[in-house]
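Coordinates from entry05.pdb are shown below (PDB, C-alpha atoms, pLDDT in the B column).
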MODEL        1
ATOM      1  CA  TYR V   1      25.343 -14.566  22.536  1.00 51.00           C
ATOM      2  CA  SER V   2      27.306 -12.303  20.263  1.00 59.00           C
ATOM      3  CA  GLY V   3      26.016 -14.253  17.282  1.00 69.00           C
ATOM      4  CA  LEU V   4      22.383 -13.521  18.070  1.00 78.00           C
ATOM      5  CA  ARG V   5      22.235  -9.772  17.357  1.00 81.00           C
ATOM      6  CA  PRO V   6      23.105 -10.040  13.640  1.00 84.00           C
ATOM      7  CA  ARG V   7      20.417 -12.692  13.234  1.00 83.00           C
ATOM      8  CA  LEU V   8      17.858 -10.497  14.997  1.00 85.00           C
ATOM      9  CA  ASP V   9      18.751  -7.531  12.789  1.00 85.00           C
ATOM     10  CA  ALA V  10      18.511  -9.668   9.643  1.00 87.00           C
ATOM     11  CA  ALA V  11      15.149 -11.129  10.687  1.00 88.00           C
ATOM     12  CA  VAL V  12      13.696  -7.685  11.431  1.00 89.00           C
ATOM     13  CA  ALA V  13      14.927  -6.186   8.156  1.00 88.00           C
ATOM     14  CA  ALA V  14      13.603  -9.103   6.099  1.00 89.00           C
ATOM     15  CA  ALA V  15      10.221  -9.086   7.854  1.00 90.00           C
ATOM     16  CA  VAL V  16       9.736  -5.323   7.453  1.00 88.00           C
ATOM     17  CA  ARG V  17      10.689  -5.459   3.770  1.00 87.00           C
ATOM     18  CA  GLU V  18       8.221  -8.293   3.160  1.00 88.00           C
ATOM     19  CA  TYR V  19       5.481  -6.441   5.055  1.00 88.00           C
ATOM     20  CA  MET V  20       6.064  -3.327   2.970  1.00 85.00           C
ATOM     21  CA  ARG V  21       5.936  -5.289  -0.267  1.00 84.00           C
ATOM     22  CA  GLU V  22       2.697  -6.980   0.738  1.00 84.00           C
ATOM     23  CA  PHE V  23       0.848  -4.213   2.585  1.00 81.00           C
ATOM     24  CA  GLY V  24       2.711  -0.904   2.254  1.00 71.00           C
ATOM     25  CA  ARG V  25       0.929   0.353  -0.859  1.00 58.00           C
ATOM     26  CA  ARG V  26      -2.400  -1.084   0.224  1.00 58.00           C
ATOM     27  CA  VAL V  27      -2.517   0.858   3.506  1.00 51.00           C
ATOM     28  CA  GLY V  28      -0.974   4.054   2.164  1.00 48.00           C
ATOM     29  CA  GLY V  29       2.444   3.535   3.750  1.00 53.00           C
ATOM     30  CA  ALA V  30       3.628   1.542   6.719  1.00 52.00           C
ATOM     31  CA  GLY V  31       3.336   4.205   9.404  1.00 70.00           C
ATOM     32  CA  GLU V  32       4.673   2.871  12.691  1.00 81.00           C
ATOM     33  CA  LEU V  33       5.025  -0.884  13.008  1.00 84.00           C
ATOM     34  CA  LYS V  34       4.981  -3.261  15.952  1.00 85.00           C
ATOM     35  CA  LEU V  35       7.625  -5.986  15.776  1.00 87.00           C
ATOM     36  CA  THR V  36       7.494  -9.175  17.837  1.00 87.00           C
ATOM     37  CA  LEU V  37      10.601 -11.369  17.913  1.00 85.00           C
ATOM     38  CA  VAL V  38      10.495 -14.995  19.054  1.00 83.00           C
ATOM     39  CA  VAL V  39      13.680 -16.977  19.767  1.00 80.00           C
ATOM     40  CA  ASN V  40      13.613 -20.716  20.492  1.00 75.00           C
ATOM     41  CA  TRP V  41      16.207 -22.163  22.867  1.00 67.00           C
ATOM     42  CA  GLY V  42      17.292 -25.586  24.097  1.00 59.00           C
ATOM     43  CA  GLU V  43      15.080 -28.488  23.056  1.00 54.00           C
ATOM     44  CA  ALA V  44      12.925 -26.147  20.957  1.00 48.00           C
ATOM     45  CA  ALA V  45      16.032 -25.041  19.104  1.00 48.00           C
ATOM     46  CA  GLU V  46      17.080 -28.664  18.544  1.00 53.00           C
ATOM     47  CA  ALA V  47      13.674 -29.412  17.055  1.00 52.00           C
ATOM     48  CA  ALA V  48      13.881 -26.308  14.873  1.00 46.00           C
ATOM     49  CA  LYS V  49      17.301 -27.343  13.646  1.00 47.00           C
ATOM     50  CA  GLU V  50      16.115 -30.831  12.735  1.00 50.00           C
ATOM     51  CA  GLY V  51      12.904 -29.599  11.132  1.00 46.00           C
ATOM     52  CA  ALA V  52      13.850 -26.410   9.348  1.00 43.00           C
ATOM     53  CA  GLY V  53      17.606 -26.067   9.684  1.00 40.00           C
ATOM     54  CA  CYS V  54      17.298 -22.559  11.162  1.00 48.00           C
ATOM     55  CA  ALA V  55      19.154 -23.072  14.479  1.00 48.00           C
ATOM     56  CA  GLU V  56      22.894 -22.647  14.849  1.00 52.00           C
ATOM     57  CA  ALA V  57      25.518 -23.430  17.480  1.00 49.00           C
ATOM     58  CA  ALA V  58      26.991 -20.882  19.872  1.00 50.00           C
ATOM     59  CA  PRO V  59      30.739 -20.937  20.664  1.00 49.00           C
ATOM     60  CA  ASP V  60      30.075 -23.221  23.665  1.00 49.00           C
ATOM     61  CA  GLY V  61      28.248 -25.731  21.482  1.00 47.00           C
ATOM     62  CA  SER V  62      24.737 -24.903  22.666  1.00 52.00           C
ATOM     63  CA  LEU V  63      22.048 -23.897  20.208  1.00 54.00           C
ATOM     64  CA  LEU V  64      21.137 -20.283  19.619  1.00 59.00           C
ATOM     65  CA  GLY V  65      17.738 -21.331  18.345  1.00 69.00           C
ATOM     66  CA  SER V  66      15.467 -20.177  15.563  1.00 80.00           C
ATOM     67  CA  VAL V  67      14.513 -16.523  15.170  1.00 85.00           C
ATOM     68  CA  GLY V  68      11.087 -15.364  13.987  1.00 86.00           C
ATOM     69  CA  CYS V  69       9.712 -11.865  13.488  1.00 91.00           C
ATOM     70  CA  HIS V  70       6.046 -10.851  13.276  1.00 90.00           C
ATOM     71  CA  VAL V  71       5.135  -7.434  11.848  1.00 91.00           C
ATOM     72  CA  ALA V  72       1.851  -5.602  12.399  1.00 88.00           C
ATOM     73  CA  PRO V  73       0.692  -1.978  12.424  1.00 87.00           C
ATOM     74  CA  LEU V  74       1.429  -0.281  15.742  1.00 85.00           C
ATOM     75  CA  PRO V  75      -1.885   0.728  17.336  1.00 85.00           C
ATOM     76  CA  PRO V  76      -2.111   4.435  18.178  1.00 87.00           C
ATOM     77  CA  LEU V  77      -1.653   5.484  21.783  1.00 87.00           C
ATOM     78  CA  PRO V  78      -4.938   5.405  23.698  1.00 91.00           C
ATOM     79  CA  ASP V  79      -6.757   8.651  24.342  1.00 92.00           C
ATOM     80  CA  PRO V  80      -6.810   9.922  27.934  1.00 94.00           C
ATOM     81  CA  PRO V  81      -7.818   9.242  30.556  1.00 97.00           C
ATOM     82  CA  ILE V  82      -5.333   6.379  30.800  1.00 97.00           C
ATOM     83  CA  ARG V  83      -6.611   3.941  33.419  1.00 98.00           C
ATOM     84  CA  ALA V  84      -4.766   1.219  35.299  1.00 98.00           C
ATOM     85  CA  GLU V  85      -6.172  -1.252  37.781  1.00 97.00           C
ATOM     86  CA  VAL V  86      -4.474  -3.353  40.442  1.00 97.00           C
ATOM     87  CA  ARG V  87      -5.282  -6.988  39.751  1.00 93.00           C
ATOM     88  CA  GLY V  88      -3.250 -10.175  39.969  1.00 86.00           C
ATOM     89  CA  ALA V  89      -0.074 -11.416  41.629  1.00 83.00           C
ATOM     90  CA  PRO V  90       3.496 -11.024  40.331  1.00 83.00           C
ATOM     91  CA  ARG V  91       4.665 -13.449  37.655  1.00 74.00           C
ATOM     92  CA  ALA V  92       6.540 -16.596  38.683  1.00 66.00           C
ATOM     93  CA  ASN V  93       9.262 -15.954  36.082  1.00 63.00           C
ATOM     94  CA  ALA V  94       9.485 -12.192  35.917  1.00 64.00           C
ATOM     95  CA  ALA V  95      12.975 -12.115  34.406  1.00 63.00           C
ATOM     96  CA  ALA V  96      11.848 -13.402  30.988  1.00 60.00           C
ATOM     97  CA  LYS V  97       9.029 -12.936  28.491  1.00 59.00           C
ATOM     98  CA  ASP V  98       7.559 -16.422  28.739  1.00 63.00           C
ATOM     99  CA  SER V  99       4.827 -17.197  26.205  1.00 64.00           C
ATOM    100  CA  SER V 100       2.846 -19.020  28.930  1.00 69.00           C
ATOM    101  CA  TRP V 101       2.190 -15.649  30.569  1.00 67.00           C
ATOM    102  CA  VAL V 102      -0.121 -14.788  27.670  1.00 71.00           C
ATOM    103  CA  ALA V 103      -2.454 -17.606  28.751  1.00 75.00           C
ATOM    104  CA  ASP V 104      -1.991 -16.953  32.472  1.00 77.00           C
ATOM    105  CA  ARG V 105      -3.153 -13.351  32.216  1.00 82.00           C
ATOM    106  CA  ALA V 106      -6.155 -14.056  29.964  1.00 86.00           C
ATOM    107  CA  PRO V 107      -8.718 -14.288  32.829  1.00 88.00           C
ATOM    108  CA  LEU V 108      -7.449 -11.011  34.271  1.00 88.00           C
ATOM    109  CA  GLU V 109      -7.702  -9.303  30.887  1.00 89.00           C
ATOM    110  CA  ALA V 110     -11.274 -10.578  30.492  1.00 91.00           C
ATOM    111  CA  LEU V 111     -12.207  -8.776  33.717  1.00 92.00           C
ATOM    112  CA  MET V 112     -10.333  -5.688  32.527  1.00 92.00           C
ATOM    113  CA  ARG V 113     -12.437  -5.581  29.354  1.00 92.00           C
ATOM    114  CA  SER V 114     -15.590  -5.697  31.485  1.00 94.00           C
ATOM    115  CA  ALA V 115     -14.758  -2.485  33.366  1.00 95.00           C
ATOM    116  CA  GLU V 116     -17.745  -0.214  33.987  1.00 95.00           C
ATOM    117  CA  VAL V 117     -15.649   2.982  33.985  1.00 96.00           C
ATOM    118  CA  GLY V 118     -14.419   2.773  30.397  1.00 95.00           C
ATOM    119  CA  PRO V 119     -11.326   1.180  28.850  1.00 95.00           C
ATOM    120  CA  ILE V 120      -8.687  -0.048  31.312  1.00 96.00           C
ATOM    121  CA  ASN V 121      -5.264   0.233  29.720  1.00 96.00           C
ATOM    122  CA  GLU V 122      -3.138  -1.938  32.002  1.00 96.00           C
ATOM    123  CA  LEU V 123      -3.186  -4.379  34.911  1.00 94.00           C
ATOM    124  CA  LEU V 124      -0.762  -3.759  37.773  1.00 96.00           C
ATOM    125  CA  LEU V 125       0.554  -6.810  39.629  1.00 93.00           C
ATOM    126  CA  ALA V 126       0.789  -6.508  43.418  1.00 94.00           C
ATOM    127  CA  THR V 127       2.354  -8.595  46.165  1.00 94.00           C
ATOM    128  CA  ASP V 128       0.348  -9.649  49.209  1.00 93.00           C
ATOM    129  CA  SER V 129       1.845  -6.685  51.073  1.00 95.00           C
ATOM    130  CA  GLY V 130       0.674  -4.211  48.421  1.00 95.00           C
ATOM    131  CA  GLU V 131       3.932  -3.605  46.561  1.00 97.00           C
ATOM    132  CA  LEU V 132       3.319  -2.795  42.881  1.00 97.00           C
ATOM    133  CA  LEU V 133       6.076  -4.496  40.910  1.00 95.00           C
ATOM    134  CA  GLU V 134       5.059  -4.118  37.266  1.00 95.00           C
ATOM    135  CA  GLY V 135       2.189  -4.253  34.826  1.00 94.00           C
ATOM    136  CA  SER V 136       1.042  -7.326  32.941  1.00 90.00           C
ATOM    137  CA  GLN V 137       2.866  -6.023  29.843  1.00 89.00           C
ATOM    138  CA  THR V 138       4.661  -2.944  31.174  1.00 94.00           C
ATOM    139  CA  ASN V 139       7.024  -1.565  33.761  1.00 96.00           C
ATOM    140  CA  PHE V 140       5.406   0.635  36.417  1.00 98.00           C
ATOM    141  CA  TYR V 141       6.502   3.825  38.172  1.00 98.00           C
ATOM    142  CA  ALA V 142       5.123   6.211  40.776  1.00 98.00           C
ATOM    143  CA  ILE V 143       6.267   9.807  41.236  1.00 98.00           C
ATOM    144  CA  VAL V 144       6.665  10.623  44.928  1.00 98.00           C
ATOM    145  CA  ASP V 145       8.114  13.929  46.159  1.00 97.00           C
ATOM    146  CA  GLY V 146       9.659  14.563  42.744  1.00 97.00           C
ATOM    147  CA  ALA V 147      11.360  11.154  42.577  1.00 98.00           C
ATOM    148  CA  VAL V 148      10.611   8.199  40.321  1.00 98.00           C
ATOM    149  CA  HIS V 149       9.929   5.035  42.320  1.00 98.00           C
ATOM    150  CA  THR V 150      10.079   1.661  40.550  1.00 98.00           C
ATOM    151  CA  ALA V 151      10.870  -1.915  41.536  1.00 96.00           C
ATOM    152  CA  GLY V 152      14.545  -2.793  41.295  1.00 95.00           C
ATOM    153  CA  GLU V 153      14.103  -6.582  41.276  1.00 91.00           C
ATOM    154  CA  GLY V 154      11.438  -9.202  40.675  1.00 89.00           C
ATOM    155  CA  ILE V 155      10.559  -7.632  37.304  1.00 92.00           C
ATOM    156  CA  LEU V 156      11.441  -7.800  33.638  1.00 89.00           C
ATOM    157  CA  GLU V 157      13.706  -4.789  33.140  1.00 91.00           C
ATOM    158  CA  GLY V 158      12.366  -3.463  29.853  1.00 91.00           C
ATOM    159  CA  THR V 159      14.275  -1.439  27.272  1.00 91.00           C
ATOM    160  CA  VAL V 160      12.169   1.689  27.789  1.00 95.00           C
ATOM    161  CA  ARG V 161      12.678   1.389  31.559  1.00 97.00           C
ATOM    162  CA  ARG V 162      16.424   1.464  30.991  1.00 96.00           C
ATOM    163  CA  LEU V 163      16.108   4.579  28.847  1.00 96.00           C
ATOM    164  CA  LEU V 164      13.927   6.268  31.468  1.00 97.00           C
ATOM    165  CA  LEU V 165      16.522   5.619  34.162  1.00 97.00           C
ATOM    166  CA  GLU V 166      19.201   7.072  31.874  1.00 96.00           C
ATOM    167  CA  VAL V 167      17.048  10.162  31.258  1.00 97.00           C
ATOM    168  CA  CYS V 168      16.446  10.601  34.984  1.00 98.00           C
ATOM    169  CA  GLY V 169      20.180  10.361  35.678  1.00 97.00           C
ATOM    170  CA  ARG V 170      20.990  12.949  33.018  1.00 97.00           C
ATOM    171  CA  GLU V 171      18.217  15.333  34.068  1.00 97.00           C
ATOM    172  CA  GLY V 172      18.892  15.051  37.794  1.00 98.00           C
ATOM    173  CA  THR V 173      15.547  13.413  38.595  1.00 98.00           C
ATOM    174  CA  PRO V 174      15.949  11.149  41.655  1.00 98.00           C
ATOM    175  CA  VAL V 175      15.208   7.437  41.205  1.00 98.00           C
ATOM    176  CA  VAL V 176      14.273   5.084  44.036  1.00 98.00           C
ATOM    177  CA  LEU V 177      14.643   1.402  43.108  1.00 98.00           C
ATOM    178  CA  SER V 178      11.938   0.190  45.441  1.00 97.00           C
ATOM    179  CA  PRO V 179       8.419  -0.879  44.430  1.00 97.00           C
ATOM    180  CA  PRO V 180       5.700   1.746  44.999  1.00 98.00           C
ATOM    181  CA  ARG V 181       3.251   0.764  47.716  1.00 97.00           C
ATOM    182  CA  LEU V 182      -0.450   0.862  46.973  1.00 97.00           C
ATOM    183  CA  ALA V 183      -1.145   2.197  50.464  1.00 96.00           C
ATOM    184  CA  ASP V 184       0.812   5.346  49.553  1.00 97.00           C
ATOM    185  CA  ALA V 185      -1.090   6.076  46.318  1.00 97.00           C
ATOM    186  CA  GLY V 186      -2.697   9.141  47.880  1.00 95.00           C
ATOM    187  CA  ARG V 187       0.774  10.721  48.148  1.00 96.00           C
ATOM    188  CA  TRP V 188       1.813  10.067  44.569  1.00 98.00           C
ATOM    189  CA  GLU V 189       2.181  13.042  42.265  1.00 98.00           C
ATOM    190  CA  GLY V 190       1.869  10.813  39.228  1.00 98.00           C
ATOM    191  CA  ALA V 191       2.172   7.296  37.877  1.00 98.00           C
ATOM    192  CA  LEU V 192       3.502   5.917  34.594  1.00 98.00           C
ATOM    193  CA  ILE V 193       3.769   2.687  32.628  1.00 98.00           C
ATOM    194  CA  SER V 194       6.300   1.865  29.916  1.00 97.00           C
ATOM    195  CA  SER V 195       6.698  -0.643  27.113  1.00 94.00           C
ATOM    196  CA  THR V 196       8.192  -0.731  23.640  1.00 88.00           C
ATOM    197  CA  SER V 197       4.775  -0.129  22.054  1.00 87.00           C
ATOM    198  CA  ARG V 198       3.588   2.631  24.416  1.00 90.00           C
ATOM    199  CA  LEU V 199       7.009   4.063  25.345  1.00 94.00           C
ATOM    200  CA  LEU V 200       6.422   6.041  28.563  1.00 97.00           C
ATOM    201  CA  LEU V 201       2.741   6.686  29.219  1.00 97.00           C
ATOM    202  CA  PRO V 202       1.362   8.702  32.163  1.00 98.00           C
ATOM    203  CA  VAL V 203      -1.511   7.084  34.077  1.00 98.00           C
ATOM    204  CA  ASP V 204      -4.475   9.371  34.789  1.00 98.00           C
ATOM    205  CA  GLU V 205      -6.636   7.129  36.994  1.00 98.00           C
ATOM    206  CA  LEU V 206      -5.868   4.212  39.319  1.00 98.00           C
ATOM    207  CA  TYR V 207      -8.459   1.592  40.330  1.00 98.00           C
ATOM    208  CA  VAL V 208      -8.466  -1.220  42.886  1.00 97.00           C
ATOM    209  CA  PRO V 209     -11.472  -3.482  42.157  1.00 96.00           C
ATOM    210  CA  PRO V 210     -12.579  -6.391  44.367  1.00 95.00           C
ATOM    211  CA  ASP V 211     -11.268  -9.811  43.363  1.00 92.00           C
ATOM    212  CA  GLY V 212     -13.175 -11.246  40.430  1.00 92.00           C
ATOM    213  CA  GLU V 213     -15.176  -8.081  39.731  1.00 95.00           C
ATOM    214  CA  PRO V 214     -14.768  -5.382  37.048  1.00 96.00           C
ATOM    215  CA  SER V 215     -13.649  -1.887  38.009  1.00 97.00           C
ATOM    216  CA  GLY V 216     -16.372   0.614  38.854  1.00 97.00           C
ATOM    217  CA  GLU V 217     -16.399   4.275  39.849  1.00 97.00           C
ATOM    218  CA  ALA V 218     -16.254   3.360  43.552  1.00 97.00           C
ATOM    219  CA  ASP V 219     -12.957   1.525  42.956  1.00 97.00           C
ATOM    220  CA  ARG V 220     -11.022   4.619  41.837  1.00 98.00           C
ATOM    221  CA  VAL V 221      -8.342   5.387  44.442  1.00 97.00           C
ATOM    222  CA  ALA V 222      -6.298   8.098  42.725  1.00 97.00           C
ATOM    223  CA  VAL V 223      -6.460  10.675  39.918  1.00 98.00           C
ATOM    224  CA  PHE V 224      -3.281  12.309  38.606  1.00 98.00           C
ATOM    225  CA  ALA V 225      -2.730  15.648  36.864  1.00 96.00           C
ATOM    226  CA  ASN V 226      -0.506  14.983  33.843  1.00 96.00           C
ATOM    227  CA  GLY V 227      -0.857  18.242  31.962  1.00 94.00           C
ATOM    228  CA  PRO V 228       1.918  20.373  30.460  1.00 94.00           C
ATOM    229  CA  GLY V 229       4.506  21.216  33.084  1.00 94.00           C
ATOM    230  CA  SER V 230       4.003  18.018  35.090  1.00 97.00           C
ATOM    231  CA  LEU V 231       7.013  15.789  35.680  1.00 98.00           C
ATOM    232  CA  ALA V 232       5.134  12.858  34.102  1.00 98.00           C
ATOM    233  CA  ALA V 233       4.553  14.781  30.858  1.00 98.00           C
ATOM    234  CA  ARG V 234       8.165  16.003  30.788  1.00 98.00           C
ATOM    235  CA  LEU V 235       9.566  12.516  31.256  1.00 98.00           C
ATOM    236  CA  GLN V 236       7.236  11.188  28.554  1.00 98.00           C
ATOM    237  CA  ALA V 237       8.610  13.686  26.025  1.00 97.00           C
ATOM    238  CA  LEU V 238      12.239  13.091  27.038  1.00 98.00           C
ATOM    239  CA  VAL V 239      11.916   9.312  26.743  1.00 97.00           C
ATOM    240  CA  ALA V 240      10.286   9.588  23.296  1.00 95.00           C
ATOM    241  CA  ALA V 241      13.256  11.664  22.130  1.00 96.00           C
ATOM    242  CA  GLU V 242      15.676   9.181  23.700  1.00 94.00           C
ATOM    243  CA  VAL V 243      14.040   6.236  21.920  1.00 90.00           C
ATOM    244  CA  GLU V 244      14.370   8.008  18.578  1.00 88.00           C
ATOM    245  CA  ALA V 245      18.033   8.779  19.291  1.00 89.00           C
ATOM    246  CA  HIS V 246      18.713   5.086  20.025  1.00 82.00           C
ATOM    247  CA  SER V 247      16.832   3.773  16.988  1.00 80.00           C
ATOM    248  CA  THR V 248      18.554   1.736  14.284  1.00 75.00           C
ATOM    249  CA  GLU V 249      17.771   2.499  10.653  1.00 75.00           C
ATOM    250  CA  ILE V 250      16.554  -0.389   8.523  1.00 69.00           C
ATOM    251  CA  GLY V 251      17.563   0.021   4.920  1.00 64.00           C
ATOM    252  CA  LEU V 252      14.645  -0.392   2.533  1.00 60.00           C
ATOM    253  CA  PRO V 253      14.702  -0.336  -1.264  1.00 54.00           C
ATOM    254  CA  ALA V 254      13.788   3.127  -2.531  1.00 53.00           C
ATOM    255  CA  ALA V 255      10.631   1.809  -4.175  1.00 49.00           C
ATOM    256  CA  LEU V 256       9.356   0.590  -0.792  1.00 49.00           C
ATOM    257  CA  ALA V 257      10.553   3.472   1.381  1.00 49.00           C
ATOM    258  CA  THR V 258       8.588   6.155  -0.447  1.00 45.00           C
TER
ENDMDL
END
Spit out the file's structure as structure tokens when you get a sec.
Amino acid sequence: YSGLRPRLDAAVAAAVREYMREFGRRVGGAGELKLTLVVNWGEAAEAAKEGAGCAEAAPDGSLLGSVGCHVAPLPPLPDPPIRAEVRGAPRANAAAKDSSWVADRAPLEALMRSAEVGPINELLLATDSGELLEGSQTNFYAIVDGAVHTAGEGILEGTVRRLLLEVCGREGTPVVLSPPRLADAGRWEGALISSTSRLLLPVDELYVPPDGEPSGEADRVAVFANGPGSLAARLQALVAAEVEAHSTEIGLPAALAT
């Protein structure tokens, strides 16, 4: 809806200003922040309208819903090696960020935290035939013969994914909209994950643990070289610059912005 964007912008600006008033001085400045927006639709919007009066009608008479924004410090990027493991099946409703997915992935994340090899940074969801569609909270890519391979359907097409595809088009890097296959991992020149909090992040190690067991050294199936000069490192830098170029400034009072 065209009426939703102004409400999102207003919610973000108000939440960031309030966060800065409450915590900015205490933590020595805001640094980078992680923003989570929640929009209620349908029956939830009707309830919000009756309870708090914060839902409004779209031109077709349906409810746009209530808008909420949560602000927290953005955790720093993890130190390498960045590890991903293949665990779990694709989501039933991949086209939307459904809050029920948080509960659905909890058992998988518990196993991830039990890894014997060190911190695992992401879970990759695979079909029965071994196609890697996406991560539990990220989009996923493999670099094969100088081309970026990523699923073209059955996924949530994230904002950073869109920027990566734009960068690849501008830089002449081929893109194959087909899910990478786990069986081909030995041929990959690199792998990456992307999200709004991590932007584009090269994966250093890939693990395939047995069902119900934490990842161990014997489960590592691939190691990638992501040093300076690698395509993964180059794309990471280009996407970071692209995100900054597409950013929207939030006006803050001078007393809070300094």
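Running the PyMOL selection byres ((chain V and resi 238) around 12) on this file leaves Val160, Leu163, Leu164, Leu165, Glu166, Val167, Cys168, Arg170, Glu171, Leu199, Leu200, Leu201, Leu231, Ala232, Ala233, Arg234, Leu235, Gln236, Ala237, Val239, Ala240, Ala241, Glu242, Val243, Glu244 and Ala245 of chain V selected.
Between Val117 in chain V and the candidates V:Ile82, V:Ala103, V:Leu37, V:Met20, the tightest atom-to-atom separation, counting only C-alpha atoms, involves V:Ile82.
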Using the chain letters and residue numbers of this document, give as a PyMOL selection string the residues selected by the PyMOL selection byres ((chain V and resi 211) around 10). chain V and resi 86-88+108+111+208-210+212-215
Quick one: distance from CA of Pro179 in chain V to CA of Asp145 in chain V in Å, one decimal?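 Atom-to-atom, CA of Pro179 in chain V and CA of Asp145 in chain V are spaced 14.9 Å apart.
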Can you pull out every residue within 9 Å of Tyr207 in chain V, counting all atoms listed in the file, but drop anything in the same chain fewer than 5 positions away, and send it as a ChimeraX atom specification? /V:83-86,215-222
Put those residues in a file: C-alpha atoms, as a tab-separated table (two decimals), keeping the file's coordinate frame.
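The resulting file, again-v6.tsv, is reproduced below:
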chain	number	residue	atom	x	y	z
V	83	ARG	CA	-6.61	3.94	33.42
V	84	ALA	CA	-4.77	1.22	35.30
V	85	GLU	CA	-6.17	-1.25	37.78
V	86	VAL	CA	-4.47	-3.35	40.44
V	215	SER	CA	-13.65	-1.89	38.01
V	216	GLY	CA	-16.37	0.61	38.85
V	217	GLU	CA	-16.40	4.28	39.85
V	218	ALA	CA	-16.25	3.36	43.55
V	219	ASP	CA	-12.96	1.52	42.96
V	220	ARG	CA	-11.02	4.62	41.84
V	221	VAL	CA	-8.34	5.39	44.44
V	222	ALA	CA	-6.30	8.10	42.72
Nearest to Leu182 in chain V by atom-to-atom distance, counting all atoms listed in the file, from V:Thr248, V:Ser197, V:Asn40, V:Thr127: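 Closest residue, counting all atoms listed in the file: V:Thr127.
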